[in-house]
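This is query_32.cif. It holds mmCIF, C-alpha atoms.
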data_query
#
loop_
_atom_site.group_PDB
_atom_site.id
_atom_site.type_symbol
_atom_site.label_atom_id
_atom_site.label_comp_id
_atom_site.auth_asym_id
_atom_site.auth_seq_id
_atom_site.Cartn_x
_atom_site.Cartn_y
_atom_site.Cartn_z
ATOM 1 C CA MET A 30 -27.886 35.377 8.140
ATOM 2 C CA ARG A 31 -27.767 34.395 4.432
ATOM 3 C CA ILE A 32 -23.965 34.228 4.530
ATOM 4 C CA PHE A 33 -24.160 31.886 7.529
ATOM 5 C CA ALA A 34 -26.667 29.638 5.662
ATOM 6 C CA CYS A 35 -24.433 29.593 2.559
ATOM 7 C CA ILE A 36 -21.390 28.644 4.634
ATOM 8 C CA LEU A 37 -23.341 25.785 6.219
ATOM 9 C CA ALA A 38 -24.607 24.604 2.801
ATOM 10 C CA LEU A 39 -21.146 24.628 1.158
ATOM 11 C CA PRO A 40 -19.933 21.263 2.590
ATOM 12 C CA VAL A 41 -23.194 19.593 1.522
ATOM 13 C CA VAL A 42 -22.862 20.912 -2.048
ATOM 14 C CA LEU A 43 -19.192 19.899 -2.258
ATOM 15 C CA ALA A 44 -19.935 16.418 -0.914
ATOM 16 C CA ALA A 45 -22.802 15.939 -3.357
ATOM 17 C CA SER A 46 -20.666 17.004 -6.325
ATOM 18 C CA SER A 47 -17.813 14.663 -5.354
ATOM 19 C CA VAL A 48 -20.176 11.706 -4.884
ATOM 20 C CA ALA A 49 -21.500 12.287 -8.394
ATOM 21 C CA HIS A 50 -17.954 11.700 -9.710
ATOM 22 C CA ALA A 51 -17.208 8.643 -7.582
ATOM 23 C CA ASP A 52 -15.634 5.622 -9.276
ATOM 24 C CA GLY A 53 -14.835 2.243 -7.770
ATOM 25 C CA TYR A 54 -11.824 0.272 -8.941
ATOM 26 C CA VAL A 55 -9.961 -2.980 -8.389
ATOM 27 C CA GLY A 56 -6.390 -3.781 -9.396
ATOM 28 C CA PHE A 57 -3.343 -5.976 -9.035
ATOM 29 C CA GLY A 58 0.383 -5.222 -9.279
ATOM 30 C CA VAL A 59 3.704 -7.003 -8.973
ATOM 31 C CA GLY A 60 7.285 -5.934 -8.371
ATOM 32 C CA SER A 61 10.646 -7.395 -7.575
ATOM 33 C CA GLN A 62 13.338 -6.998 -4.961
ATOM 34 C CA GLY A 63 12.057 -4.473 -2.433
ATOM 35 C CA GLU A 64 14.617 -2.759 -0.177
ATOM 36 C CA LEU A 65 14.876 -3.011 3.622
ATOM 37 C CA ASP A 66 16.097 -0.614 6.320
ATOM 38 C CA GLY A 67 16.347 -0.673 10.109
ATOM 39 C CA SER A 68 16.568 -3.867 12.160
ATOM 40 C CA LEU A 69 14.694 -5.709 9.407
ATOM 41 C CA SER A 70 17.777 -5.284 7.188
ATOM 42 C CA GLU A 71 19.986 -6.772 9.939
ATOM 43 C CA HIS A 72 18.148 -10.104 9.820
ATOM 44 C CA PHE A 73 16.643 -10.253 6.305
ATOM 45 C CA THR A 74 17.401 -9.394 2.716
ATOM 46 C CA THR A 75 15.412 -9.133 -0.487
ATOM 47 C CA GLY A 76 17.350 -11.008 -3.134
ATOM 48 C CA ALA A 77 16.954 -11.027 -6.893
ATOM 49 C CA GLN A 78 14.302 -13.772 -6.582
ATOM 50 C CA SER A 79 12.207 -11.789 -4.064
ATOM 51 C CA ASP A 80 8.828 -10.639 -5.293
ATOM 52 C CA THR A 81 6.318 -8.106 -4.029
ATOM 53 C CA SER A 82 2.638 -7.994 -4.950
ATOM 54 C CA ARG A 83 -0.281 -5.683 -4.226
ATOM 55 C CA PHE A 84 -4.047 -6.147 -4.584
ATOM 56 C CA ILE A 85 -6.068 -2.916 -4.383
ATOM 57 C CA LEU A 86 -9.749 -2.068 -3.991
ATOM 58 C CA GLY A 87 -10.730 1.578 -3.931
ATOM 59 C CA GLN A 88 -13.336 4.261 -4.286
ATOM 60 C CA ARG A 89 -12.474 7.532 -5.949
ATOM 61 C CA PHE A 90 -14.150 10.882 -5.233
ATOM 62 C CA GLY A 91 -12.812 13.367 -7.776
ATOM 63 C CA ALA A 92 -9.148 14.013 -6.938
ATOM 64 C CA LEU A 93 -9.304 11.933 -3.720
ATOM 65 C CA ALA A 94 -9.473 8.159 -3.326
ATOM 66 C CA LEU A 95 -9.848 5.830 -0.366
ATOM 67 C CA GLU A 96 -8.036 2.562 -1.054
ATOM 68 C CA ALA A 97 -7.759 -0.757 0.761
ATOM 69 C CA SER A 98 -4.810 -2.964 -0.126
ATOM 70 C CA LEU A 99 -3.329 -6.368 0.552
ATOM 71 C CA PHE A 100 0.385 -6.520 -0.167
ATOM 72 C CA LYS A 101 3.013 -9.213 0.228
ATOM 73 C CA ALA A 102 6.798 -9.343 0.091
ATOM 74 C CA GLU A 103 9.232 -12.246 0.160
ATOM 75 C CA LEU A 104 12.308 -12.052 2.403
ATOM 76 C CA GLN A 105 15.388 -14.214 2.892
ATOM 77 C CA GLY A 106 16.984 -14.719 6.314
ATOM 78 C CA THR A 107 20.626 -13.632 6.602
ATOM 79 C CA GLY A 108 21.527 -15.709 9.662
ATOM 80 C CA GLY A 109 21.115 -14.984 13.356
ATOM 81 C CA ILE A 110 17.505 -15.141 14.541
ATOM 82 C CA ALA A 111 16.169 -15.770 11.016
ATOM 83 C CA GLY A 112 18.613 -18.416 9.863
ATOM 84 C CA THR A 113 18.749 -18.614 6.082
ATOM 85 C CA SER A 114 15.116 -19.588 5.576
ATOM 86 C CA GLU A 115 12.593 -17.920 3.300
ATOM 87 C CA PHE A 116 10.053 -15.630 4.962
ATOM 88 C CA SER A 117 7.101 -13.609 3.786
ATOM 89 C CA THR A 118 5.242 -10.543 4.964
ATOM 90 C CA ALA A 119 1.545 -9.955 4.450
ATOM 91 C CA SER A 120 0.039 -6.527 5.107
ATOM 92 C CA ILE A 121 -3.406 -5.038 4.913
ATOM 93 C CA GLY A 122 -3.639 -1.305 4.628
ATOM 94 C CA VAL A 123 -5.888 1.687 4.100
ATOM 95 C CA ASP A 124 -4.560 4.651 2.130
ATOM 96 C CA VAL A 125 -5.824 8.082 1.134
ATOM 97 C CA LYS A 126 -4.637 9.124 -2.334
ATOM 98 C CA TYR A 127 -4.610 12.556 -3.945
ATOM 99 C CA TYR A 128 -4.475 12.698 -7.761
ATOM 100 C CA VAL A 129 -3.097 15.482 -9.959
ATOM 101 C CA GLY A 130 -3.839 15.480 -13.704
ATOM 102 C CA LEU A 131 -0.715 15.633 -15.868
ATOM 103 C CA VAL A 132 -1.526 15.102 -19.550
ATOM 104 C CA GLY A 133 -4.412 13.283 -21.226
ATOM 105 C CA GLY A 134 -5.259 10.225 -19.144
ATOM 106 C CA LEU A 135 -1.969 10.374 -17.191
ATOM 107 C CA GLU A 136 -2.140 11.370 -13.527
ATOM 108 C CA GLY A 137 0.330 11.500 -10.676
ATOM 109 C CA TYR A 138 -0.631 10.775 -7.079
ATOM 110 C CA GLY A 139 0.636 10.899 -3.552
ATOM 111 C CA LYS A 140 -0.664 8.676 -0.770
ATOM 112 C CA ILE A 141 -0.511 8.159 2.964
ATOM 113 C CA GLY A 142 -1.955 5.329 5.028
ATOM 114 C CA LEU A 143 -1.946 2.854 7.894
ATOM 115 C CA ASN A 144 -1.258 -0.885 7.789
ATOM 116 C CA LYS A 145 -1.086 -4.078 9.805
ATOM 117 C CA THR A 146 1.730 -6.498 8.943
ATOM 118 C CA TRP A 147 2.489 -10.150 9.712
ATOM 119 C CA LEU A 148 5.911 -11.774 9.236
ATOM 120 C CA ARG A 149 5.930 -15.553 8.917
ATOM 121 C CA GLY A 150 8.648 -18.084 8.274
ATOM 122 C CA PRO A 151 8.819 -21.843 7.920
ATOM 123 C CA ALA A 152 7.253 -23.869 10.738
ATOM 124 C CA ALA A 153 10.738 -24.971 11.843
ATOM 125 C CA THR A 154 11.720 -21.397 12.772
ATOM 126 C CA SER A 155 8.674 -20.718 15.002
ATOM 127 C CA MET A 156 9.066 -17.013 14.193
ATOM 128 C CA ASN A 157 5.752 -15.229 14.452
ATOM 129 C CA TYR A 158 5.705 -11.429 14.312
ATOM 130 C CA GLU A 159 3.029 -8.818 13.764
ATOM 131 C CA GLY A 160 2.802 -5.076 14.014
ATOM 132 C CA ARG A 161 1.358 -1.823 12.831
ATOM 133 C CA GLY A 162 2.853 0.835 10.653
ATOM 134 C CA THR A 163 2.424 3.652 8.215
ATOM 135 C CA GLU A 164 2.876 3.956 4.500
ATOM 136 C CA VAL A 165 3.673 6.851 2.200
ATOM 137 C CA GLY A 166 4.082 6.698 -1.517
ATOM 138 C CA ALA A 167 3.721 8.235 -4.932
ATOM 139 C CA GLY A 168 2.874 6.953 -8.352
ATOM 140 C CA LEU A 169 1.710 7.422 -11.892
ATOM 141 C CA GLN A 170 -1.541 6.164 -13.339
ATOM 142 C CA TYR A 171 -2.755 6.099 -16.950
ATOM 143 C CA THR A 172 -6.502 5.652 -17.451
ATOM 144 C CA LEU A 173 -8.294 4.721 -20.655
ATOM 145 C CA ASN A 174 -12.061 5.362 -20.601
ATOM 146 C CA LEU A 175 -13.980 2.625 -22.425
ATOM 147 C CA PRO A 176 -17.771 2.537 -22.966
ATOM 148 C CA LEU A 177 -18.486 0.125 -20.081
ATOM 149 C CA ALA A 178 -15.489 0.591 -17.777
ATOM 150 C CA GLN A 179 -12.165 2.285 -17.197
ATOM 151 C CA VAL A 180 -8.938 0.332 -17.544
ATOM 152 C CA GLY A 181 -5.444 1.455 -16.848
ATOM 153 C CA LEU A 182 -1.888 0.954 -15.711
ATOM 154 C CA TRP A 183 -0.255 2.183 -12.517
ATOM 155 C CA LEU A 184 3.296 2.437 -11.242
ATOM 156 C CA ASP A 185 3.510 2.752 -7.458
ATOM 157 C CA TYR A 186 6.485 3.434 -5.174
ATOM 158 C CA SER A 187 5.671 2.845 -1.486
ATOM 159 C CA VAL A 188 7.654 3.081 1.732
ATOM 160 C CA GLN A 189 6.136 0.965 4.500
ATOM 161 C CA ASP A 190 7.411 1.772 7.994
ATOM 162 C CA THR A 191 6.559 -0.980 10.467
ATOM 163 C CA GLN A 192 7.193 -1.980 14.075
ATOM 164 C CA LEU A 193 6.963 -5.771 14.339
ATOM 165 C CA ARG A 194 6.665 -7.401 17.755
ATOM 166 C CA ASP A 195 7.322 -11.001 18.698
ATOM 167 C CA LEU A 196 4.049 -12.784 19.457
ATOM 168 C CA LYS A 197 5.818 -15.017 21.989
ATOM 169 C CA MET A 198 5.250 -12.328 24.656
ATOM 170 C CA GLY A 199 8.603 -10.593 24.320
ATOM 171 C CA THR A 200 10.882 -13.624 24.261
ATOM 172 C CA GLY A 201 12.300 -12.660 20.846
ATOM 173 C CA THR A 202 13.799 -9.632 19.157
ATOM 174 C CA ASP A 203 11.531 -6.800 17.990
ATOM 175 C CA LEU A 204 11.950 -5.880 14.329
ATOM 176 C CA ASP A 205 11.484 -2.283 13.235
ATOM 177 C CA GLY A 206 12.256 -0.820 9.864
ATOM 178 C CA GLU A 207 11.154 0.053 6.380
ATOM 179 C CA LEU A 208 10.244 -1.925 3.299
ATOM 180 C CA ARG A 209 10.400 0.017 0.038
ATOM 181 C CA MET A 210 8.523 -1.458 -2.923
ATOM 182 C CA LEU A 211 8.016 -0.573 -6.583
ATOM 183 C CA ASN A 212 4.981 -2.226 -8.184
ATOM 184 C CA LEU A 213 3.617 -2.117 -11.725
ATOM 185 C CA GLY A 214 -0.041 -3.027 -12.078
ATOM 186 C CA VAL A 215 -3.341 -2.875 -13.897
ATOM 187 C CA PHE A 216 -6.775 -1.796 -12.714
ATOM 188 C CA VAL A 217 -10.386 -1.831 -13.840
ATOM 189 C CA GLY A 218 -12.777 0.918 -12.802
ATOM 190 C CA PHE A 219 -16.518 0.478 -12.644
#

Would you mind writing the structure in this file as structure tokens?
Amino acid sequence: MRIFACILALPVVLAASSVAHADGYVGFGVGSQGELDGSLSEHFTTGAQSDTSRFILGQRFGALALEASLFKAELQGTGGIAGTSEFSTASIGVDVKYYVGLVGGLEGYGKIGLNKTWLRGPAATSMNYEGRGTEVGAGLQYTLNLPLAQVGLWLDYSVQDTQLRDLKMGTGTDLDGELRMLNLGVFVGF
């Protein structure tokens, strides 16, 4: 009976210990020229002037973190349905990250998550797409512990797989594919 009680108490003890080490954080990162695959690459490109950006808000529990993000990417039409206009994607996502200590304040992490994406172009194109997708990625993070907060740098490589559907009830072409992004950013933990 004692073994059964100990087994039942173990998740409570583990949860309490991880909450005691919880840290919130907020950050921002930028990158340039993401890469496209799938039908997205048939209609769009990411030129040298294309930027990506990512805003993050997370809560860390020991080696695990739950992170919400808002990320954007600029695209250029290559003709066909997109013309040659400038487009942008905006995505909101939720990721689970797992950190592994490397050396000193340097950590590596892997992540997996879900996102919702919108693709918008100029008003003249009347293109209006949205869809859901997944995201996987990996990165490095260096943290410096200061007396009142933590500050640090992160380098994040993400692959966003998305299935975008035309909001005009199927009158357009569906766009499926991947957007790969490399962002460098800063964060503050509290």

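With distances taken over all atoms listed in the file, A:Ser114 is the one residue among A:Thr191, A:Gln170, A:Ser114, A:Ser61 lying closest to A:Met156.
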
Can you sort out the box for stretch 51-61 of chain A, edges along x, y and z, all listed atoms in, 3 Å on every side, with centre and edge lengths in Å to one decimal, as JSON?
{"center_x": -3.3, "center_y": 0.6, "center_z": -8.5, "size_x": 33.9, "size_y": 22.0, "size_z": 7.8}

So the first atom is atom CA of A:Val217 and the second is atom CA of A:Ser120; what is the distance between them in Å, to one decimal place?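 Going from atom CA of A:Val217 over to atom CA of A:Ser120, I get 22.1 Å.
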
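Across A:Glu115, A:Asp124, A:Asp80, A:Asp66, the tightest approach to A:Gln192 is made by A:Asp66 when counting only C-alpha atoms.
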
Selection result of the PyMOL selection byres ((chain A and resi 182-185) around 10) on this file, as a ChimeraX atom specification: /A:56-60,83,135-140,166-173,180-181,186-187,210-217

Nearby residues (all atoms listed in the file) at most 7 Å from A:Glu103, same-chain spacing under 6 positions excluded, as a list of chain:residue names: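 Result of the neighbour search: A:Thr75, A:Ser79, A:Asp80, A:Thr81, A:Phe116, A:Ser117, A:Thr118.
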
Test item: residues at most 6 Å from A:Gly106, only C-alpha atoms, excluding those fewer than 4 positions along its chain, as a VMD selection string: chain A and resid 72 to 73 111 to 114
